[in-house]
Structure formats: structure tokens, C-alpha cells
Amino acid sequence: MKTNLSLLALVFALSSCTTVIETGNKIEKTFSPPDAVNYVTTKPDGGFTPQINDQRFGDKIQMLAVRKSKLASGCMQVQFDLRNGSYLGQTVNVSFEWLGADGSITERQGNWMTTPLEPGALTTITAVALKPESTECRLRVLASR
Amino acid sequence: MKNTFTALALAAILVGCDTPATYKDADGRQLVVSLDKVDIQDFATAGSTMLQSMVTSPAFNRAGANPVLQVGQITNDTGTNFDTSMLLVKITSPLVNAGRVRLLESDPVAMAARNNTPGASVPVADFVLKGKILEDRAKSGSTKQSSFVFQLTLVEVKTSLAVWQQEKIVTKQGTMNSIGF
């Protein structure tokens with residue numbers, strides 16, 4: 001009888017494990033400071049510069065690669081590969097700005113685009129410039145509460 | 001007397017619960033998320049996603065420097081009433097302002113003025129943009145889910161062929177409206 005009870009308790013604990021983790025995640029989000037915006041900016045040499053302001057989010061979402069190419073129209077296209085490296089689903093919100101060769105903002109897509117990411121899932125964010133003078137892209141990344 | 005104090009205290013608490021109206025950034029994260037209607041941020045998300053897709057399409061890139069675009073019919077097939085220009089402007093305004101397209105106006109005043117202008121010539125549209133907005137609702141217990149489907153098609157005028165098509169679905173789920181994400 002005692003063994004049966006212990007087994008039942010173990011099964012119950014295991015089956016509710018996900019809920020416990022998710023509840024812990026929600027509590028952590030509730031009590032932590034407001035989420036800061038993170039940035040990834042492309043560089044003329046083909047690389048990129050990350051600026052992580054929300055370390056809690058930065059630990060979960062990884063920037064794997066950034067690809068820059070020129071379209072037939074003469075405008076730039078940048079693709080950012082993001083991965084959810086955590087054990088929980090995350091929702092990534094992105095928007096971006098385009099910069100000219102002198103660093104000034106040439107275009108802006110200010111609204112947040114929401115992308116839910118399953119654990120381990122990869123997503124590619126594509127940003128396309130509308131003006132030929134836009135050379136570098138600054139991706140803004142924000143976590144959902 | 002005691003009852004009066006209790007009533008006053010209750011009234012004070014209730015009044016204190018109200019949130020005064022404040023201005024919010026229309027592109028920010030503190031906007032109301034509604035389950036029963038398309039929100040302003042949904043139009044922005046759908047519009048910018050579709051714009052990005054359209055400008056990378058081979059047909060659009062083959063069209064030359066600044067093709068002439070005409071806006072066709074955009075049907076609102078949802079249960080709520082809204083002006084479809086909430087979506088269209090998100091697509092046409094960046095394109096026009098960046099000089100990527102010339103937008104053919106069909107405004108009656110502009111047409112009348114043109115008809116009265118000797119020698120005026122009207123460019124022929126290279127593309128027509130048309131579309132539809134639909135909705136789908138589902139419910140499980142107290143959880144409601146609403147999906148708004150934005151469908152756009154770019155038609156090449158000289159061939160009458162659809163050269164680009166995109167569908168963007170915005171799905172919202174919850175038991176009640178909320179603020180922010």
C-alpha cells in the first residue's frame with residue numbers, strides 16, 4: 001500500500017512537471033524588471049554586433065547567423081537565424097530599422113512582429129530594405145511577458 | 001454611521017480601481033489585445049509581413065525601377081466593421097515614400113481634374129493589388145480563440161496572372177482581452 005502511494009505520488013509529480021516549470025517561468029517573469037529591448041546590428045564586413053540588454057532573455061534565445069545579400073532591385077536583404085535554446089516555449093517579438101552608410105536611420109519598421117518559438121525551434125527573420133541607400137540592418141528583439 | 005463609512009470606503013476603492021486614459025505608442029507593447037476584433041497592431045503586423053514578402057517576390061523585382069500599382073478590391077469578410085485601408089496603407093505608404101512604386105489614384109476629384117487638363121496622360125497600371133480579410137473563431141471551455149486571415153494577391157495587368165500571393169494569419173487566444181504582450 002505504501003509503495004503504491006509512493007508510485008502514485010511520483011507519477012503525479014512527473015505528470016505535473018511541465019506545469020511546475022511553466023508556473024516558475026511565469027513567476028520569474030512577473031517579478032523581474034520590465035524586459036529590455038535587445039539589438040543585433042549588421043556590420044559592413046558581413047558580421048554582426050549583438051547588444052543584449054535583457055540577459056535573462058539573452059540566455060534563452062540564441063542568434064545563430066546573419067546573412068546579408070543584395071536583391072535584383074539593388075536593395076539589401078538581411079536574414080537573422082534565431083533559436084530558442086531553452087526548455088520552454090518562448091515568444092520573440094521583433095522589429096527593425098535600416099541604417100545608411102553614415103549610420104543614420106533610413107527606414108523603420110517599428111511595429112513588433114510576434115513569433116512563438118517551441119523549445120529548440122529555429123526561425124529566420126527576413127528584413128528587406130526599400131531604399132538602395134539602406135546598407136545595414138538593426139534588428140530589435142523583445143521577449144513577451 | 002458605520003454603514004456610511006463602509007459604503008464610502010467601498011466607493012473609494014472602486015474609484016481607485018479605474019485606470020485613467022493615457023497615450024500609448026501605437027508601435028509599442030502596451031496596446032489592448034482584443035479577442036473579438038482586429039486590433040491596430042494586427043493590421044501593422046500583417047501589413048509589414050506582407051510588404052516584406054511582396055518586395056522579395058521575383059515578379060515585383062523584375063518590374064523595373066518604379067512600376068505603377070493600383071489598389072483593387074479588398075473585402076472585409078469578418079464580423080466586425082473596419083476600413084480596409086488600415087491594412088493597405090501599411091503596404092502602399094512605405095513603397096510610395098521609398099519611390100518603389102507609383103500609386104495610381106482613382107479618386108473622383110483627381111479623375112475630374114485630370115479630365116479637365118488638356119494633354120494629361122494617365123499611366124497604365126503594371127500591377128493591381130487585391131485581397132480579402134477573413135476570420136475563424138473557436139472555443140474550448142472558457143478559452144476563446146480568434147484567427148484573422150489576411151490574404152493578398154498581386155496581379156500583373158498585362159498578363160492577368162497572379163504573380164504573388166500571401167496569407168498571414170494572426171491568432172489570439174485567451175479568456176478575456178488584455179493589455180500588451
# chains A, B, ... in the order shown; residues from 1 in each chain; ligands from 1
$ residues_around --residues "stretch 52-66 of chain B" --least-positions-apart "3" --cutoff "8 Å" --atoms "only C-alpha atoms" --output "PyMOL selection string"
(chain A and resi 71-73+126-128+130) or (chain B and resi 48-49+99-102+163-164+166)
$ interface_residues --of "chain A" --to "chain B" --cutoff "10 Å" --atoms "only C-alpha atoms" --output "list in words"
Leu71, Ala72, Ser73, Gly74, Cys75, Gln77, Thr91, Asn93, Ser95, Thr106, Glu107, Arg108, Gln109, Gly110, Asn111, Trp112, Met113, Thr114, Thr126, Ala127, Val128, Ala129, Leu130, Lys131, Pro132, Leu142, Ala143, Ser144 and Arg145 of chain A
$ residues_around --residues "B:Leu154" --least-positions-apart "6" --cutoff "8 Å" --atoms "only C-alpha atoms" --output "list in words"
Phe127, Val128, Leu129, Lys130, Ala162, Val163, Trp164 and Gln165 of chain B
$ select_by_dssp --residues "stretch 16-181 of chain B" --states "strand (DSSP E)" --output "PyMOL selection string"
chain B and resi 32-33+68-76+102-104+127-140+143-156+161-174+178-179
$ residues_around --residues "stretch 81-84 of chain A" --least-positions-apart "6" --cutoff "10 Å" --atoms "only C-alpha atoms" --output "PyMOL selection string"
chain A and resi 57-67+90-92+116-126
$ atom_distance --atom1 "atom CA of B:Arg137" --atom2 "atom CA of B:Thr84"
20.2 Å
$ closest_residue --among "A:Glu133, A:Ile52, A:Met76, A:Ile27" --to "A:Val40" --atoms "only C-alpha atoms"
A:Ile52
$ residues_around --residues "B:Leu88" --least-positions-apart "5" --cutoff "9 Å" --atoms "only C-alpha atoms" --output "list of chain:residue names"
B:Phe43, B:Gly47, B:Val71, B:Ile74, B:Ser93
$ residues_around --residues "B:Met111" --least-positions-apart "6" --cutoff "10 Å" --atoms "only C-alpha atoms" --output "JSON, numbers by chain"
{"B": [105, 117, 122]}
$ write_last_selection --atoms "C-alpha atoms" --output "CSV table (one decimal), in the first residue's frame"
chain,number,residue,atom,x,y,z
B,105,GLU,CA,-5.2,57.1,-57.7
B,117,THR,CA,-6.5,69.0,-68.0
B,122,VAL,CA,-2.6,58.6,-67.3
$ residues_around --residues "B:Ser34" --least-positions-apart "3" --cutoff "9 Å" --atoms "only C-alpha atoms" --output "list in words"
Lys37, Val38, Asp39, Lys172, Met176, Asn177, Ser178 and Ile179 of chain B
$ atom_distance --atom1 "atom CA of B:Asn81" --atom2 "atom CA of B:Val33"
17.1 Å
$ atom_distance --atom1 "atom CA of A:Arg56" --atom2 "atom CA of A:Thr115"
18.1 Å
